[in-house]
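Right, one structure below, let's go through it.
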Amino acid sequence: MRNSFRMLAIAAAMSASVSTMAVAADSVEVLHWWTSGGEAAAVGVLKDDLQKQNVTWQDMPVAGGGGEAAMTALKARVTSGNPPTAAQLLGMAVNEWSEEGLLGDLTTVAQKEGWDKVVPDAIKSFAVHDGKWQAVPVNIHRPNWLWINAKVFKDNGLEAPKTWDEFNQVAEKLKAKGIVPLAHGGQPWQDTTIFDDVVVGVGGPEFYKKAIIELDEESLKSDTMVKVFDQMRKIRGYVDPNFSGRDWNLATGMVLKGEAAMQLMGDWAKGEIVKANMKPGVDILCVPAPGTEGTFLFNTDFFAMFPVGDDKLQAQYKLASSVMSPSFQEAFNLVKGSIPARTDVPGDKFDACAQRSMADLKAAEGAGTMMGSLAHGHAEPAAIQRAIFDVVTQHFNSDMSSKDAVAALVNSVNAAK
């Protein structure tokens, strides 16, 4: 990984004059993976805002909810000496590109607009490197949500589960009635989204911190981690047979249509709910994933900026300024389902789920339980993240025992370090 990034840095430096000419001075080219209905609508908010400033948006969407295909495309663009103006990146990816000297500098506009005062420290730790702002946070997502079809639960006399034992009881009742308990898409990042929830829900926030963020080997190979995989095996029995390869938004659609009762997914699912003319918190209930109340796992989408020539700098600054403006942060996140990355944006226009997210974020910051999500690129570098993905997905799609999964987890993490 390190060598590949160094090669990219050399290629980018050698071709800087080419890349600065690739896009007209009054336009910005943005690479992203927001391609679902709700996500595309959210991108449209930013496009419109820039067009009002006479800056043309050149779209480079790369489908794939986890962003892996987008990262492959980005590396190809940088290698060819033609990076985009900006690219959607998750936290650890911002760190990797920055450490190799491949990102631009937004400090001038950041200081002028006072970003330091309105962005949480946990988010700034990814956006700012060596005192320089190199990426702008678009939002704060909370992956540890459980979404529930309110009608399905009401018709079957069920209450939202607060623990994994309660979840299992509810799921068994639904399964006995021929209702799919959990909508899920069989992709590694989706499997690990559930894994994140189970690690916190079974072991608690301190265990998540030690095992997932600190990679403490005693925690990774503990009896608690065996229990985590035991619960993952139970969850595997609550999804429908056709889950493999399903995109996350199609799984969300199953819950919206009543084809499944629940989904463990981040609050970007809310964009699909709104698009379907349903009301979050009313038609589709939102509660913290079982056992995770009081913990705020987060991931943030950043637009990382690549070096541009002087003729394109103002357009890039306008893009960054637009992303960070309170009006855009409000409008974008109302559509996207997330909450603003700025803490000074009022919540009065947001739905009940977002307002709860804002309150829970504030409480978790104070309690020290706001932690980056492994599944969504904010806990470990890509190599370690992929190693864990592989074990979680292998276990989820086989009859591998929980003890064997724990042993594989420890071996894979150590090999990836």
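The chains in the structure tokens are called A, B, ... from first to last as shown; in each chain the residues are counted from 1, and the ligands are counted from 1 in the order shown.
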
Return as JSON lines the residues of stretch 99-209 of chain A lying at most 9 Å from stretch 312-330 of chain A, together with the closest atom-to-atom pair for each and the distance in Å to one decimal, counting only C-alpha atoms, with rows in chain order and ascending residue number.
```
{"residue": "A:Leu106", "atom": "CA", "partner": "A:Tyr317", "partner_atom": "CA", "distance": 7.2}
{"residue": "A:Thr108", "atom": "CA", "partner": "A:Tyr317", "partner_atom": "CA", "distance": 8.8}
{"residue": "A:Val109", "atom": "CA", "partner": "A:Tyr317", "partner_atom": "CA", "distance": 6.7}
{"residue": "A:Ala110", "atom": "CA", "partner": "A:Ser321", "partner_atom": "CA", "distance": 8.1}
{"residue": "A:Glu113", "atom": "CA", "partner": "A:Ser321", "partner_atom": "CA", "distance": 8.1}
{"residue": "A:Trp115", "atom": "CA", "partner": "A:Met324", "partner_atom": "CA", "distance": 7.9}
{"residue": "A:Ala135", "atom": "CA", "partner": "A:Ala320", "partner_atom": "CA", "distance": 8.2}
{"residue": "A:Val136", "atom": "CA", "partner": "A:Ala320", "partner_atom": "CA", "distance": 6.4}
{"residue": "A:Pro137", "atom": "CA", "partner": "A:Met324", "partner_atom": "CA", "distance": 7.4}
{"residue": "A:Val138", "atom": "CA", "partner": "A:Val323", "partner_atom": "CA", "distance": 6.2}
{"residue": "A:Asn139", "atom": "CA", "partner": "A:Gln329", "partner_atom": "CA", "distance": 7.3}
```

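Minimum atom-to-atom distances from A:Asp301, A:Glu68, A:Asp26, A:Asp48 to A:Arg386 were compared using only C-alpha atoms, and the lowest value belongs to A:Glu68.
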
>> Quick one: residues within 7 Å of A:Gly372, only C-alpha atoms, excluding same-chain residues fewer than 4 positions away - as number ranges by chain?
In response: A: 297-299, 378-379

Pull C-alpha atoms from the residues just selected and write them as a PDB file, in the first residue's frame.
```pdb
ATOM      1  CA  LEU A 297     -20.254   5.032  15.950  1.00  0.00           C
ATOM      2  CA  PHE A 298     -19.580   7.523  13.198  1.00  0.00           C
ATOM      3  CA  ASN A 299     -18.384   7.886   9.687  1.00  0.00           C
ATOM      4  CA  HIS A 378     -12.855   5.367  10.431  1.00  0.00           C
ATOM      5  CA  ALA A 379     -11.207   2.822  12.730  1.00  0.00           C
TER       6      ALA A 379
END
```

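Distance check against A:Phe306 using only C-alpha atoms: of A:Gly44, A:Thr56, A:Lys124, A:Pro84, the minimum falls on A:Pro84.
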
Residues at most 8 Å from A:Arg142, counting only C-alpha atoms, excluding those fewer than 2 positions away in the same chain, as a PDB file with N, CA and C atoms, in the first residue's frame?
```pdb
ATOM      1  N   ILE A 140     -22.079  13.925   9.176  1.00  0.00           N
ATOM      2  CA  ILE A 140     -21.753  12.909  10.170  1.00  0.00           C
ATOM      3  C   ILE A 140     -22.842  11.854  10.100  1.00  0.00           C
ATOM      4  N   ASN A 144     -24.744   2.817  13.487  1.00  0.00           N
ATOM      5  CA  ASN A 144     -25.384   1.865  14.397  1.00  0.00           C
ATOM      6  C   ASN A 144     -26.851   2.190  14.682  1.00  0.00           C
ATOM      7  N   TRP A 145     -27.646   2.118  13.605  1.00  0.00           N
ATOM      8  CA  TRP A 145     -29.103   2.277  13.687  1.00  0.00           C
ATOM      9  C   TRP A 145     -29.786   0.960  13.333  1.00  0.00           C
ATOM     10  N   GLY A 266     -26.738   2.311   8.420  1.00  0.00           N
ATOM     11  CA  GLY A 266     -26.521   3.695   8.795  1.00  0.00           C
ATOM     12  C   GLY A 266     -27.668   4.594   8.376  1.00  0.00           C
ATOM     13  N   ASP A 267     -27.597   5.844   8.833  1.00  0.00           N
ATOM     14  CA  ASP A 267     -28.723   6.747   8.604  1.00  0.00           C
ATOM     15  C   ASP A 267     -28.813   7.285   7.181  1.00  0.00           C
ATOM     16  N   PHE A 296     -21.962   6.238  19.993  1.00  0.00           N
ATOM     17  CA  PHE A 296     -22.169   6.839  18.675  1.00  0.00           C
ATOM     18  C   PHE A 296     -21.014   6.427  17.781  1.00  0.00           C
ATOM     19  N   LEU A 297     -21.217   5.348  16.995  1.00  0.00           N
ATOM     20  CA  LEU A 297     -20.254   5.032  15.950  1.00  0.00           C
ATOM     21  C   LEU A 297     -20.471   6.035  14.830  1.00  0.00           C
ATOM     22  N   PHE A 298     -19.397   6.509  14.228  1.00  0.00           N
ATOM     23  CA  PHE A 298     -19.580   7.523  13.198  1.00  0.00           C
ATOM     24  C   PHE A 298     -18.746   7.231  11.968  1.00  0.00           C
ATOM     25  N   ASN A 299     -19.223   7.728  10.874  1.00  0.00           N
ATOM     26  CA  ASN A 299     -18.384   7.886   9.687  1.00  0.00           C
ATOM     27  C   ASN A 299     -18.787   9.181   9.010  1.00  0.00           C
ATOM     28  N   SER A 338     -28.109  12.150   6.962  1.00  0.00           N
ATOM     29  CA  SER A 338     -27.088  12.339   7.991  1.00  0.00           C
ATOM     30  C   SER A 338     -27.366  13.624   8.759  1.00  0.00           C
ATOM     31  N   SER A 357     -30.158  11.829  16.707  1.00  0.00           N
ATOM     32  CA  SER A 357     -28.747  11.632  16.382  1.00  0.00           C
ATOM     33  C   SER A 357     -27.907  12.805  16.866  1.00  0.00           C
TER      34      SER A 357
END
```

For A:Lys362: contacts at 10 Å, only C-alpha atoms, fewer than 4 positions along chain excluded, given as a tab-separated table (two decimals) with C-alpha atoms, in the first residue's frame:
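Result went into result-v7.tsv, see below:
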```tsv
chain	number	residue	atom	x	y	z
A	120	PRO	CA	-15.94	18.31	16.27
A	296	PHE	CA	-22.17	6.84	18.67
A	343	THR	CA	-22.23	21.83	15.26
A	356	ARG	CA	-32.02	12.16	18.22
A	357	SER	CA	-28.75	11.63	16.38
A	358	MET	CA	-27.68	15.21	17.14
A	366	GLY	CA	-19.05	14.11	26.50
A	367	ALA	CA	-18.94	10.46	27.56
A	370	MET	CA	-18.06	8.65	19.96
```

> Contacts of A:Gln187 at 10 Å or less, counting only C-alpha atoms, minus same-chain residues fewer than 6 places along, as a list of chain:residue names?
Replying inline: A:Gly65, A:Gly66, A:Thr193, A:Phe243, A:Ser244, A:Gly245, A:Arg246, A:Asp247, A:Trp248, A:Phe389, A:Thr393

Would you save the residues of that selection, restricted to N, CA, C and O atoms, as an mmCIF file, in the first residue's frame?
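Listed below is the output, selection-v1.cif:
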```cif
data_model
loop_
_atom_site.group_PDB
_atom_site.id
_atom_site.type_symbol
_atom_site.label_atom_id
_atom_site.label_comp_id
_atom_site.auth_asym_id
_atom_site.auth_seq_id
_atom_site.Cartn_x
_atom_site.Cartn_y
_atom_site.Cartn_z
ATOM 1 N N GLY A 65 -21.718 1.035 -3.053
ATOM 2 C CA GLY A 65 -21.979 1.703 -1.780
ATOM 3 C C GLY A 65 -20.813 1.792 -0.834
ATOM 4 O O GLY A 65 -20.725 2.695 -0.024
ATOM 5 N N GLY A 66 -19.856 0.853 -0.899
ATOM 6 C CA GLY A 66 -18.729 0.898 0.011
ATOM 7 C C GLY A 66 -17.580 1.749 -0.463
ATOM 8 O O GLY A 66 -16.642 2.011 0.282
ATOM 9 N N THR A 193 -20.821 -3.901 8.903
ATOM 10 C CA THR A 193 -21.689 -2.933 9.574
ATOM 11 C C THR A 193 -22.434 -3.618 10.719
ATOM 12 O O THR A 193 -22.523 -3.080 11.836
ATOM 13 N N PHE A 243 -29.928 -12.845 -0.194
ATOM 14 C CA PHE A 243 -29.238 -11.640 0.273
ATOM 15 C C PHE A 243 -27.902 -11.405 -0.421
ATOM 16 O O PHE A 243 -27.426 -10.281 -0.492
ATOM 17 N N SER A 244 -27.272 -12.436 -0.928
ATOM 18 C CA SER A 244 -25.907 -12.319 -1.437
ATOM 19 C C SER A 244 -25.803 -11.293 -2.560
ATOM 20 O O SER A 244 -26.554 -11.345 -3.534
ATOM 21 N N GLY A 245 -24.878 -10.335 -2.397
ATOM 22 C CA GLY A 245 -24.622 -9.341 -3.434
ATOM 23 C C GLY A 245 -25.636 -8.224 -3.536
ATOM 24 O O GLY A 245 -25.487 -7.330 -4.364
ATOM 25 N N ARG A 246 -26.648 -8.234 -2.697
ATOM 26 C CA ARG A 246 -27.707 -7.205 -2.771
ATOM 27 C C ARG A 246 -27.169 -5.854 -2.309
ATOM 28 O O ARG A 246 -26.503 -5.750 -1.283
ATOM 29 N N ASP A 247 -27.442 -4.803 -3.058
ATOM 30 C CA ASP A 247 -27.047 -3.456 -2.645
ATOM 31 C C ASP A 247 -27.855 -3.026 -1.427
ATOM 32 O O ASP A 247 -29.017 -3.433 -1.248
ATOM 33 N N TRP A 248 -27.255 -2.158 -0.624
ATOM 34 C CA TRP A 248 -27.880 -1.763 0.634
ATOM 35 C C TRP A 248 -29.240 -1.100 0.431
ATOM 36 O O TRP A 248 -30.172 -1.308 1.226
ATOM 37 N N PHE A 389 -12.798 -7.595 7.232
ATOM 38 C CA PHE A 389 -13.899 -7.869 6.307
ATOM 39 C C PHE A 389 -13.892 -9.332 5.878
ATOM 40 O O PHE A 389 -14.927 -10.006 5.866
ATOM 41 N N THR A 393 -16.961 -11.880 6.673
ATOM 42 C CA THR A 393 -17.763 -12.368 5.556
ATOM 43 C C THR A 393 -17.629 -13.881 5.378
ATOM 44 O O THR A 393 -18.611 -14.570 5.080
#
```
